file structure26.csv (CSV, C-alpha atoms)
chain,number,residue,atom,x,y,z
A,772,MET,CA,-34.2,-50.1,3.2
A,773,ASP,CA,-33.4,-48.0,6.2
A,774,ILE,CA,-34.9,-44.6,6.4
A,775,GLY,CA,-34.2,-42.6,9.5
A,776,ILE,CA,-36.9,-40.5,10.9
A,777,GLU,CA,-34.4,-37.8,11.9
A,778,GLN,CA,-33.3,-37.5,8.3
A,779,LEU,CA,-37.0,-37.0,7.3
A,780,LYS,CA,-37.6,-34.5,10.0
A,781,ALA,CA,-34.5,-32.6,8.8
A,782,GLY,CA,-36.0,-32.5,5.3
A,783,ASP,CA,-33.2,-34.7,3.8
A,784,ARG,CA,-34.1,-35.0,0.1
A,785,ASN,CA,-32.6,-38.5,-0.5
A,786,ALA,CA,-34.3,-39.9,2.5
A,787,TRP,CA,-37.6,-38.4,1.4
A,788,ASN,CA,-37.2,-39.7,-2.1
A,789,ARG,CA,-36.9,-43.2,-0.7
A,790,ALA,CA,-39.7,-42.6,1.7
A,791,PHE,CA,-42.0,-41.3,-1.0
A,792,GLU,CA,-41.8,-44.6,-2.9
A,793,VAL,CA,-42.6,-46.7,0.2
A,794,LEU,CA,-45.4,-44.5,1.5
A,795,TYR,CA,-47.0,-44.1,-2.0
A,796,ALA,CA,-47.0,-47.8,-2.5
A,797,ILE,CA,-48.5,-48.4,0.9
A,798,SER,CA,-51.2,-45.8,0.3
A,799,LEU,CA,-52.0,-47.4,-3.1
A,800,SER,CA,-52.3,-50.8,-1.3
A,801,VAL,CA,-54.9,-49.3,1.0
A,802,CYS,CA,-56.8,-47.9,-2.0
A,803,CYS,CA,-56.7,-51.2,-3.9
A,804,ALA,CA,-57.7,-53.2,-0.8
A,805,SER,CA,-60.4,-50.8,0.4
A,806,ALA,CA,-61.8,-49.0,-2.6
A,807,SER,CA,-61.6,-51.1,-5.7
A,808,GLY,CA,-64.6,-49.2,-7.1
A,809,LEU,CA,-62.5,-46.0,-7.5
A,810,ASN,CA,-60.5,-45.6,-10.6
A,811,HIS,CA,-56.8,-45.4,-11.1
A,812,GLN,CA,-56.8,-41.6,-11.1
A,813,GLU,CA,-58.7,-41.4,-7.8
A,814,HIS,CA,-56.3,-43.9,-6.1
A,815,GLU,CA,-53.4,-41.7,-7.3
A,816,ASP,CA,-55.0,-38.6,-6.0
A,817,VAL,CA,-55.7,-40.2,-2.6
A,818,ALA,CA,-52.1,-41.6,-2.4
A,819,MET,CA,-50.6,-38.2,-3.2
A,820,GLU,CA,-52.8,-36.4,-0.7
A,821,ALA,CA,-51.9,-39.0,2.0
A,822,VAL,CA,-48.2,-38.9,1.4
A,823,GLY,CA,-48.3,-35.1,1.3
A,824,GLU,CA,-50.0,-35.1,4.7
A,825,VAL,CA,-47.3,-37.4,6.1
A,826,VAL,CA,-44.8,-34.8,5.0
A,827,GLU,CA,-46.9,-32.2,6.8
A,828,PHE,CA,-47.0,-34.1,10.1
A,829,VAL,CA,-43.6,-35.8,10.1
A,830,GLU,CA,-42.4,-34.1,13.2
A,831,LYS,CA,-45.2,-35.7,15.2
A,832,VAL,CA,-44.1,-39.3,14.6
A,833,ASP,CA,-41.3,-41.2,16.3
A,834,SER,CA,-40.2,-43.6,13.5
A,835,PHE,CA,-40.5,-44.4,9.9
A,836,GLU,CA,-42.7,-47.3,10.9
A,837,ASP,CA,-45.1,-44.8,12.4
A,838,CYS,CA,-45.0,-42.9,9.1
A,839,LYS,CA,-46.2,-46.1,7.4
A,840,LYS,CA,-49.1,-46.6,9.8
A,841,LEU,CA,-49.9,-42.9,9.5
A,842,VAL,CA,-50.2,-43.1,5.7
A,843,VAL,CA,-52.5,-46.1,6.1
A,844,THR,CA,-54.8,-44.1,8.4
A,845,ILE,CA,-54.8,-41.0,6.3
A,846,SER,CA,-55.4,-43.0,3.1
A,847,LYS,CA,-58.4,-44.6,4.7
A,848,ASN,CA,-59.7,-41.3,5.9
A,849,ARG,CA,-59.3,-39.7,2.5
A,850,LEU,CA,-61.1,-42.6,0.9
A,851,VAL,CA,-64.0,-42.2,3.3
A,852,ASP,CA,-64.1,-38.5,2.6
A,853,ARG,CA,-64.4,-39.2,-1.1
A,854,PHE,CA,-67.2,-41.7,-0.6
A,855,ARG,CA,-69.1,-39.3,1.6
A,856,GLN,CA,-68.6,-36.5,-0.9
A,857,ARG,CA,-69.8,-38.8,-3.7
A,858,ALA,CA,-72.8,-39.9,-1.7
A,859,THR,CA,-73.7,-36.3,-0.9
A,860,GLN,CA,-73.6,-35.4,-4.6
A,861,LYS,CA,-75.6,-38.5,-5.5
A,862,HIS,CA,-78.2,-38.6,-2.8
A,863,GLY,CA,-78.2,-35.1,-1.4
A,864,ALA,CA,-76.8,-33.6,1.8
A,865,GLY,CA,-77.9,-34.8,5.3
A,866,LYS,CA,-78.5,-38.4,4.4
A,867,VAL,CA,-76.3,-40.7,6.5
A,868,GLU,CA,-75.3,-44.0,5.1
A,869,SER,CA,-73.1,-46.8,6.4
A,870,LEU,CA,-69.8,-47.2,4.7
A,871,GLU,CA,-70.8,-50.7,3.5
A,872,ALA,CA,-73.6,-49.1,1.5
A,873,LYS,CA,-71.3,-46.8,-0.3
A,874,GLU,CA,-70.7,-47.8,-3.9
A,875,GLY,CA,-67.2,-48.9,-4.6
A,876,PHE,CA,-66.1,-49.1,-0.9
A,877,ASP,CA,-65.0,-52.6,0.1
A,878,ALA,CA,-65.9,-52.2,3.7
A,879,VAL,CA,-65.5,-55.8,4.6
A,880,ASP,CA,-62.0,-55.8,3.2
A,881,ALA,CA,-61.2,-52.5,4.9
A,882,THR,CA,-62.1,-53.8,8.3
A,883,GLN,CA,-60.3,-57.1,7.8
A,884,GLN,CA,-57.2,-55.5,6.4
A,885,GLN,CA,-55.0,-54.6,9.3
A,886,PRO,CA,-52.5,-51.7,9.0
A,887,ASP,CA,-49.6,-54.1,9.2
A,888,ALA,CA,-51.0,-56.3,6.4
A,889,LEU,CA,-51.5,-53.2,4.2
A,890,VAL,CA,-48.0,-51.9,4.9
A,891,LEU,CA,-46.6,-55.3,4.0
A,892,LEU,CA,-48.7,-55.5,0.8
A,893,GLY,CA,-47.5,-52.0,-0.3
A,894,GLU,CA,-43.8,-52.8,0.5
A,895,ASN,CA,-43.9,-56.1,-1.3
A,896,ALA,CA,-45.5,-54.4,-4.3
A,897,LEU,CA,-42.7,-51.9,-4.3
A,898,ILE,CA,-40.0,-54.5,-4.1
A,899,LEU,CA,-41.5,-56.6,-6.8
A,900,ALA,CA,-42.0,-53.5,-9.1
A,901,LYS,CA,-38.4,-52.5,-8.7
A,902,ALA,CA,-37.1,-56.0,-9.3
A,903,LEU,CA,-39.4,-56.4,-12.4
A,904,LYS,CA,-37.7,-53.4,-13.9
A,905,GLN,CA,-34.4,-55.3,-13.9
A,906,VAL,CA,-35.9,-58.3,-15.8
A,907,PRO,CA,-35.0,-58.4,-19.6
A,908,GLU,CA,-37.7,-56.7,-21.6
A,909,GLN,CA,-39.1,-59.7,-23.5
A,910,TYR,CA,-39.5,-61.8,-20.4
A,911,ARG,CA,-40.8,-58.8,-18.3
A,912,LYS,CA,-43.5,-58.1,-20.9
A,913,ALA,CA,-44.7,-61.7,-20.7
A,914,VAL,CA,-44.7,-61.6,-16.8
A,915,GLU,CA,-46.5,-58.3,-16.6
A,916,ASP,CA,-49.1,-59.3,-19.1
A,917,PHE,CA,-49.8,-62.7,-17.5
A,918,TYR,CA,-49.5,-62.0,-13.8
A,919,LEU,CA,-50.3,-58.3,-13.5
A,920,LYS,CA,-52.8,-57.6,-16.4
A,921,GLY,CA,-54.4,-61.0,-16.4
A,922,SER,CA,-53.9,-61.8,-20.1
A,923,THR,CA,-54.0,-65.5,-21.1
A,924,GLN,CA,-50.9,-67.1,-22.6
A,925,GLN,CA,-52.7,-67.3,-25.9
A,926,GLU,CA,-53.4,-63.6,-25.9
A,927,ILE,CA,-49.8,-62.8,-25.1
A,928,ALA,CA,-48.6,-65.2,-27.9
A,929,ASP,CA,-50.9,-63.5,-30.4
A,930,ARG,CA,-49.7,-60.0,-29.3
A,931,LEU,CA,-46.0,-61.0,-29.5
A,932,GLY,CA,-46.4,-63.1,-32.6
A,933,LEU,CA,-45.0,-66.2,-30.8
A,934,LYS,CA,-46.1,-69.8,-30.3
A,935,ILE,CA,-48.0,-70.4,-27.0
A,936,GLY,CA,-45.3,-72.8,-25.9
A,937,SER,CA,-42.7,-70.0,-26.1
A,938,ILE,CA,-44.8,-67.9,-23.7
A,939,GLY,CA,-44.5,-70.7,-21.0
A,940,VAL,CA,-40.7,-70.5,-21.5
A,941,TYR,CA,-40.7,-66.7,-21.4
A,942,LEU,CA,-42.7,-66.8,-18.1
A,943,ASP,CA,-40.4,-69.3,-16.5
A,944,ARG,CA,-37.3,-67.2,-17.5
A,945,GLY,CA,-39.0,-64.0,-16.4
A,946,LEU,CA,-39.9,-65.4,-13.0
A,947,LYS,CA,-36.4,-66.8,-12.6
A,948,ALA,CA,-34.9,-63.4,-13.5
A,949,LEU,CA,-37.3,-61.7,-11.2
A,950,ARG,CA,-36.4,-64.0,-8.3
A,951,GLU,CA,-32.7,-63.2,-8.8
A,952,ASN,CA,-33.4,-59.5,-8.5
A,953,LEU,CA,-35.3,-59.8,-5.3
A,954,PRO,CA,-33.5,-59.3,-1.9
A,955,GLU,CA,-32.1,-62.4,-0.2
A,956,GLY,CA,-34.7,-64.2,1.9
A,957,TRP,CA,-37.7,-62.4,0.4
A,958,PRO,CA,-40.6,-62.5,1.2
B,1438,MET,CA,-35.9,-71.8,-8.4
B,1439,ASN,CA,-37.9,-74.8,-7.3
B,1440,ASP,CA,-41.7,-75.2,-7.7
B,1441,ALA,CA,-42.5,-74.0,-4.2
B,1442,GLU,CA,-40.5,-70.8,-4.7
B,1443,LYS,CA,-42.1,-70.3,-8.1
B,1444,SER,CA,-45.6,-70.8,-6.7
B,1445,LYS,CA,-44.9,-68.4,-3.8
B,1446,LEU,CA,-43.6,-65.8,-6.3
B,1447,GLU,CA,-46.6,-66.2,-8.5
B,1448,GLN,CA,-48.9,-65.8,-5.5
B,1449,GLU,CA,-47.1,-62.6,-4.4
B,1450,LEU,CA,-47.2,-61.2,-7.9
B,1451,THR,CA,-50.9,-61.8,-8.2
B,1452,LYS,CA,-51.6,-60.3,-4.8
B,1453,ALA,CA,-49.5,-57.2,-5.5
B,1454,ALA,CA,-50.7,-56.8,-9.1
B,1455,PRO,CA,-53.2,-54.0,-8.5
B,1456,VAL,CA,-50.6,-51.9,-6.6
B,1457,ILE,CA,-47.8,-52.6,-9.1
B,1458,ASN,CA,-50.2,-51.6,-12.0
B,1459,ARG,CA,-50.6,-48.2,-10.3
B,1460,LEU,CA,-47.0,-47.6,-9.9
B,1461,GLY,CA,-45.0,-45.8,-12.6
B,1462,ASP,CA,-44.1,-47.6,-15.8
B,1463,GLY,CA,-40.9,-45.6,-16.3
B,1464,PRO,CA,-37.5,-46.0,-14.7
B,1465,SER,CA,-38.9,-44.8,-11.4
B,1466,VAL,CA,-41.7,-46.5,-9.5
B,1467,LEU,CA,-43.2,-43.1,-8.9
B,1468,PRO,CA,-44.7,-41.3,-11.9
B,1469,ASP,CA,-43.0,-38.0,-12.7
B,1470,HIS,CA,-46.0,-35.9,-11.9
B,1471,VAL,CA,-46.5,-37.7,-8.5
B,1472,ARG,CA,-42.9,-37.1,-7.6
B,1473,ALA,CA,-43.1,-33.5,-8.6
B,1474,ARG,CA,-46.2,-33.0,-6.5
B,1475,LEU,CA,-44.6,-34.6,-3.5
B,1476,ASN,CA,-41.5,-32.6,-3.9
B,1477,ALA,CA,-43.6,-29.5,-4.0
B,1478,ALA,CA,-45.1,-30.6,-0.6
B,1479,LEU,CA,-41.6,-31.1,0.6
B,1480,ASP,CA,-40.5,-27.6,-0.5
B,1481,LYS,CA,-43.4,-26.1,1.3
B,1482,LYS,CA,-42.6,-28.0,4.5
B,1483,PHE,CA,-38.8,-27.6,4.3
B,1484,PRO,CA,-38.1,-24.5,2.3
B,1485,LEU,CA,-34.5,-24.2,3.5
B,1486,ALA,CA,-33.7,-27.7,2.4
B,1487,ALA,CA,-35.1,-27.2,-1.1
B,1488,GLN,CA,-33.0,-28.1,-4.1
B,1489,PRO,CA,-32.2,-25.5,-6.8
B,1490,ALA,CA,-35.2,-25.0,-9.1
B,1491,SER,CA,-33.4,-26.3,-12.2
B,1492,GLN,CA,-33.3,-29.8,-10.6
B,1493,GLU,CA,-37.1,-30.0,-10.1
B,1494,PRO,CA,-39.6,-31.1,-12.7
B,1495,ALA,CA,-41.6,-28.2,-14.2
B,1496,ALA,CA,-45.1,-29.6,-14.0
B,1497,VAL,CA,-46.8,-30.2,-10.7
B,1498,ARG,CA,-50.2,-31.8,-11.1
B,1499,LYS,CA,-52.8,-31.0,-8.4
B,1500,THR,CA,-55.3,-33.5,-7.1
B,1501,THR,CA,-59.0,-33.1,-7.9
B,1502,VAL,CA,-59.7,-32.0,-4.3
B,1503,GLU,CA,-57.0,-29.4,-4.4
B,1504,ARG,CA,-58.1,-28.0,-7.7
B,1505,GLU,CA,-61.6,-27.6,-6.2
B,1506,GLN,CA,-60.3,-25.9,-3.1
B,1507,ALA,CA,-58.0,-23.8,-5.3
B,1508,GLU,CA,-55.4,-23.4,-2.6
B,1509,PRO,CA,-52.7,-21.0,-4.0
B,1510,SER,CA,-49.4,-22.8,-4.6
B,1511,TRP,CA,-46.0,-21.4,-5.3
B,1512,LEU,CA,-46.8,-21.8,-9.0
B,1513,GLU,CA,-49.9,-19.7,-8.7
B,1514,VAL,CA,-48.1,-17.0,-6.7
B,1515,TRP,CA,-45.4,-16.8,-9.4
B,1516,ARG,CA,-48.1,-16.6,-12.0
B,1517,TRP,CA,-49.6,-13.7,-10.1
B,1518,TRP,CA,-46.3,-11.9,-9.9
B,1519,ILE,CA,-45.6,-12.4,-13.6
B,1520,GLY,CA,-49.1,-11.0,-14.4
B,1521,LEU,CA,-48.4,-8.0,-12.2
B,1522,ALA,CA,-45.0,-7.4,-13.8
B,1523,THR,CA,-46.6,-7.6,-17.3
B,1524,ALA,CA,-49.4,-5.1,-16.4
B,1525,THR,CA,-46.8,-2.7,-14.9
B,1526,ALA,CA,-44.7,-2.9,-18.0
B,1527,ALA,CA,-47.7,-2.2,-20.2
B,1528,VAL,CA,-48.6,0.9,-18.1
B,1529,VAL,CA,-45.0,2.2,-18.2
B,1530,LEU,CA,-44.9,1.6,-22.0
B,1531,VAL,CA,-48.2,3.5,-22.5
B,1532,LEU,CA,-46.9,6.4,-20.3
B,1533,VAL,CA,-43.6,6.5,-22.2
B,1534,LEU,CA,-45.2,6.4,-25.6
B,1535,ASN,CA,-47.7,9.2,-24.7
B,1536,ARG,CA,-45.4,11.6,-22.9
B,1537,PRO,CA,-44.5,14.8,-24.8
B,1538,GLY,CA,-41.2,14.6,-26.7
B,1539,PRO,CA,-38.4,16.1,-24.6
B,1540,ASN,CA,-36.9,19.3,-26.1
B,1541,LEU,CA,-37.7,18.3,-29.6
B,1542,PRO,CA,-37.7,21.2,-32.0
B,1543,PRO,CA,-41.1,22.3,-33.3
B,1544,VAL,CA,-42.3,21.3,-36.7
B,1545,ILE,CA,-43.0,24.6,-38.6
B,1546,GLN,CA,-45.2,24.7,-41.7
B,1547,VAL,CA,-45.5,27.8,-43.7
B,1548,ALA,CA,-48.1,28.7,-46.4
B,1549,MET,CA,-49.5,31.6,-48.2
B,1550,LEU,CA,-53.0,32.2,-49.7
B,1551,ASP,CA,-53.0,34.4,-52.7
B,1552,SER,CA,-56.0,34.1,-54.9
B,1553,VAL,CA,-55.1,37.3,-56.9
B,1554,GLY,CA,-51.7,36.2,-58.0
B,1555,THR,CA,-48.4,37.9,-58.2
B,1556,VAL,CA,-48.5,41.5,-59.2
B,1557,ARG,CA,-45.6,42.9,-61.2
B,1558,GLY,CA,-43.3,45.1,-59.3
B,1559,THR,CA,-39.9,45.7,-57.9
B,1560,GLY,CA,-40.8,44.7,-54.3
B,1561,GLU,CA,-39.8,41.4,-52.7
B,1562,LYS,CA,-42.3,38.6,-53.2
B,1563,PRO,CA,-44.1,37.5,-50.0
B,1564,LEU,CA,-43.2,33.9,-50.5
B,1565,ASP,CA,-39.5,34.8,-50.6
B,1566,THR,CA,-39.9,36.9,-47.5
B,1567,LEU,CA,-41.4,33.9,-45.7
B,1568,GLN,CA,-38.6,31.6,-47.0
B,1569,LYS,CA,-36.0,34.0,-45.7
B,1570,GLN,CA,-37.5,33.9,-42.2
B,1571,TRP,CA,-37.8,30.1,-42.1
B,1572,LYS,CA,-35.0,28.9,-44.2
B,1573,GLU,CA,-35.4,25.3,-43.4
B,1574,VAL,CA,-39.0,25.2,-44.5
B,1575,LYS,CA,-40.4,25.4,-48.0
B,1576,PRO,CA,-43.5,27.6,-48.0
B,1577,GLN,CA,-46.5,26.4,-49.9
B,1578,GLU,CA,-48.6,28.6,-52.0
B,1579,PHE,CA,-52.4,28.2,-52.4
B,1580,ASP,CA,-54.7,30.1,-54.7
B,1581,ASP,CA,-57.8,28.3,-53.5
B,1582,ALA,CA,-59.3,28.5,-50.0
B,1583,ALA,CA,-60.6,24.9,-50.1
B,1584,LYS,CA,-57.1,23.6,-50.7
B,1585,LEU,CA,-55.8,25.8,-47.9
B,1586,LYS,CA,-58.4,24.4,-45.6
B,1587,SER,CA,-57.2,20.8,-46.1
B,1588,TRP,CA,-53.6,22.0,-45.3
B,1589,GLN,CA,-54.8,23.8,-42.2
B,1590,GLU,CA,-56.5,20.7,-41.0
B,1591,ALA,CA,-53.7,18.2,-41.7
B,1592,TRP,CA,-51.6,17.6,-38.6
B,1593,PRO,CA,-48.7,15.1,-38.6
B,1594,ALA,CA,-50.2,11.8,-37.2
B,1595,GLY,CA,-48.7,10.5,-33.9
B,1596,SER,CA,-46.1,13.3,-33.7
B,1597,LYS,CA,-44.9,14.1,-30.2
B,1598,GLN,CA,-43.5,17.4,-31.4
B,1599,THR,CA,-45.1,20.8,-31.3
B,1600,VAL,CA,-46.5,21.8,-34.6
B,1601,VAL,CA,-46.7,25.4,-35.8
B,1602,LYS,CA,-48.6,26.5,-38.9
B,1603,VAL,CA,-47.8,30.0,-40.2
B,1604,LEU,CA,-50.3,31.2,-42.8
B,1605,TYR,CA,-50.0,34.4,-44.7
B,1606,ASP,CA,-53.4,35.3,-46.0
B,1607,ARG,CA,-52.6,37.9,-48.5
B,1608,ASP,CA,-56.3,38.4,-49.5
B,1609,ALA,CA,-57.2,39.2,-45.9
B,1610,SER,CA,-53.9,41.1,-45.3
B,1611,GLU,CA,-53.1,39.1,-42.1
B,1612,LEU,CA,-50.8,36.5,-40.9
B,1613,ARG,CA,-52.4,33.6,-38.9
B,1614,LEU,CA,-50.4,31.5,-36.5
B,1615,THR,CA,-51.7,28.2,-35.2
B,1616,VAL,CA,-49.7,26.3,-32.6
B,1617,ARG,CA,-50.4,22.9,-31.3
B,1618,VAL,CA,-48.4,21.6,-28.4
B,1619,LYS,CA,-49.1,18.0,-27.3
B,1620,GLY,CA,-51.1,17.9,-24.2
B,1621,ARG,CA,-52.3,21.5,-24.5
B,1622,PRO,CA,-55.2,23.2,-26.4
B,1623,THR,CA,-54.4,24.5,-29.9
B,1624,VAL,CA,-53.7,28.2,-29.9
B,1625,GLU,CA,-54.4,30.7,-32.7
B,1626,LYS,CA,-53.2,34.2,-33.1
B,1627,THR,CA,-53.6,36.7,-35.9
B,1628,PHE,CA,-51.1,39.4,-36.9
B,1629,PRO,CA,-52.6,42.1,-39.3
B,1630,VAL,CA,-50.4,43.3,-42.1
B,1631,LYS,CA,-51.5,46.8,-42.6
B,1632,GLN,CA,-51.8,48.6,-45.9
B,1633,GLY,CA,-48.4,49.6,-47.0
B,1634,GLN,CA,-46.7,47.7,-44.3
B,1635,GLU,CA,-44.0,45.2,-45.3
B,1636,LEU,CA,-44.6,41.6,-44.5
B,1637,GLY,CA,-41.0,41.3,-43.3
B,1638,SER,CA,-41.6,43.9,-40.5
B,1639,VAL,CA,-44.3,41.6,-39.0
B,1640,LEU,CA,-42.4,38.4,-39.1
B,1641,PRO,CA,-40.0,39.1,-36.2
B,1642,SER,CA,-42.9,39.5,-33.8
B,1643,VAL,CA,-44.5,36.3,-35.2
B,1644,LYS,CA,-41.2,34.4,-34.6
B,1645,ALA,CA,-40.9,35.8,-31.1
B,1646,THR,CA,-44.5,34.7,-30.3
B,1647,ILE,CA,-43.8,31.2,-31.6
B,1648,GLU,CA,-40.7,30.9,-29.4
B,1649,GLN,CA,-42.8,32.0,-26.5
B,1650,MET,CA,-45.6,29.6,-27.2
B,1651,VAL,CA,-43.4,26.5,-27.7
B,1652,ALA,CA,-41.3,27.1,-24.7
B,1653,PRO,CA,-41.8,24.2,-22.1

call {"tool": "encode", "arguments": {"input": "structure26.csv", "output": "structure tokens"}}
result
Amino acid sequence: MDIGIEQLKAGDRNAWNRAFEVLYAISLSVCCASASGLNHQEHEDVAMEAVGEVVEFVEKVDSFEDCKKLVVTISKNRLVDRFRQRATQKHGAGKVESLEAKEGFDAVDATQQQPDALVLLGENALILAKALKQVPEQYRKAVEDFYLKGSTQQEIADRLGLKIGSIGVYLDRGLKALRENLPEGWP
Amino acid sequence: MNDAEKSKLEQELTKAAPVINRLGDGPSVLPDHVRARLNAALDKKFPLAAQPASQEPAAVRKTTVEREQAEPSWLEVWRWWIGLATATAAVVLVLVLNRPGPNLPPVIQVAMLDSVGTVRGTGEKPLDTLQKQWKEVKPQEFDDAAKLKSWQEAWPAGSKQTVVKVLYDRDASELRLTVRVKGRPTVEKTFPVKQGQELGSVLPSVKATIEQMVAP
């Protein structure tokens, strides 16, 4: 997926629509890796703010790869802002705490997760999400429930009204269909 | 797909699960409100490259932080303009409704108070004299001062026209004129009808006074 920085700087809508998906997924990967204590809504807010800021500062970067790194940095900063704000509300202003002490902030993960790894995680998630949408619905549901939502095969079988053995078959077929929809040579 | 590929795929799916779960469920990986919000940021940054409004989603959800900061967006600016336009329209409407009617003919009401009653004779009856002077109006006759009072105090509600009340008080031998022009104080004028004087000889001066008073 080639996105030219010149197109972005010119405000090309199509380029930005593709860029939004990539940057949003990367920002979410930062949120998930660094702040599992925050809820879905807060992750979404952080990601929207971060991608919005990339739009704001796009003329200052040299490539789309830089945009990806920028969105990682901004996302981390926004998360820290939120934890500081939350800590201030909880403990009062003026009290300085380390990030590790902040509830919900996975500081160890955050320091270990390098920007490149977070970018890769976000891009992979985006590719998988897009490929999953191409999988036939009955198989896709089984794959989503099992691998993404963590349901057991028994729970899925009960929900779909099928035998547990059928779920194994559905998962196999779902993964196969998913693999066929992924780009050549991925990952 | 061999076992190694399957295992790799399962591993990647599990690793990416939290992110995939936060992406959109619909046809696009971006939820509609997220795309709308990002497009709004794009419009702000590149106003000249903006698409026609009809192609953009209507709702733009703000983040919690932005809601707190209450930064005015294009949507709020439009709301402000719509509010201003509504207020202006309301003011204009009130002014139009309250302005005096342009060149509308005055409403003339004519009445006579005669508690004694008609006296036999050959002379013209006063009511007929009044009728001759204001042909388009049917004069009312009262024999009781209380009933007359209610007539005097009754003004057409909401009328923008000038209202003229002509009352011939036969008992007092005078003709009373009350003129109410919208936006001006009510004016009263009395014309005595002297003993032996014909009512008809007073009426032209009454009519002239009315024309003078209702003139814009």

call {"tool": "interface_residues", "arguments": {"input": "structure26.csv", "of": "chain A", "to": "chain B", "cutoff": "9 Å", "atoms": "only C-alpha atoms", "output": "VMD selection string"}}
result
chain A and resid 781 to 784 787 to 788 791 to 792 795 to 797 799 to 800 802 to 804 811 813 to 817 819 to 820 822 to 824 826 to 827 892 to 893 895 to 897 899 to 901 904 915 918 to 921 943 946 to 947 949 to 950 958

call {"tool": "closest_residue", "arguments": {"input": "structure26.csv", "among": "B:Asp1565, B:Glu1590, B:Glu1578, B:Glu1513", "to": "Asp1551 (chain B)", "atoms": "all atoms listed in the file"}}
result
B:Glu1578

call {"tool": "residues_around", "arguments": {"input": "structure26.csv", "residues": "Gly1637 (chain B)", "least_positions_apart": "5", "cutoff": "10 Å", "atoms": "only C-alpha atoms", "output": "compact mmCIF listing (two decimals) with C-alpha atoms, in the coordinates of the input"}}
result
# COMPACT_ATOMS: atom_id res chain seq x y z
CA GLU B 1561 -39.80 41.40 -52.70
CA PRO B 1563 -44.10 37.50 -50.00
CA ASP B 1565 -39.50 34.80 -50.60
CA THR B 1566 -39.90 36.90 -47.50
CA LEU B 1567 -41.40 33.90 -45.70
CA LYS B 1569 -36.00 34.00 -45.70
CA GLN B 1570 -37.50 33.90 -42.20
CA VAL B 1630 -50.40 43.30 -42.10
CA SER B 1642 -42.90 39.50 -33.80

call {"tool": "residues_around", "arguments": {"input": "structure26.csv", "residues": "region 905-912 of chain A", "least_positions_apart": "4", "cutoff": "7 Å", "atoms": "only C-alpha atoms", "output": "MDAnalysis selection string"}}
result
chainID A and resid 916 941:942 944:945 948:949 952

call {"tool": "atom_distance", "arguments": {"input": "structure26.csv", "atom1": "CA of Leu794 (chain A)", "atom2": "CA of Pro954 (chain A)"}}
result
19.3 Å

call {"tool": "atom_distance", "arguments": {"input": "structure26.csv", "atom1": "CA of Ile1545 (chain B)", "atom2": "CA of Leu1585 (chain B)"}}
result
15.9 Å

call {"tool": "residues_near_point", "arguments": {"input": "structure26.csv", "point": "(-47.9, 49.6, -49.6)", "cutoff": "12 Å", "atoms": "only C-alpha atoms", "output": "PyMOL selection string"}}
result
chain B and resi 1558+1560-1561+1610+1630-1636

call {"tool": "atom_distance", "arguments": {"input": "structure26.csv", "atom1": "CA of Ala818 (chain A)", "atom2": "CA of Arg857 (chain A)"}}
result
18.0 Å

call {"tool": "closest_residue", "arguments": {"input": "structure26.csv", "among": "A:Val842, A:Leu931, A:Leu891, A:Ala821", "to": "Trp957 (chain A)", "atoms": "only C-alpha atoms"}}
result
A:Leu891

call {"tool": "closest_residue", "arguments": {"input": "structure26.csv", "among": "A:Leu809, A:Gly939, A:Leu953, A:Lys840", "to": "Ala888 (chain A)", "atoms": "only C-alpha atoms"}}
result
A:Lys840

call {"tool": "closest_residue", "arguments": {"input": "structure26.csv", "among": "B:Val1553, B:Ala1522, B:Val1531, B:Ala1473", "to": "Asp1608 (chain B)", "atoms": "only C-alpha atoms"}}
result
B:Val1553

call {"tool": "residues_around", "arguments": {"input": "structure26.csv", "residues": "Ser1552 (chain B)", "least_positions_apart": "6", "cutoff": "12 Å", "atoms": "all atoms listed in the file", "output": "list of chain:residue names"}}
result
B:Glu1578, B:Phe1579, B:Asp1580, B:Asp1581, B:Ala1582, B:Ala1583, B:Lys1584, B:Leu1585, B:Tyr1605, B:Asp1606, B:Arg1607, B:Asp1608, B:Ala1609
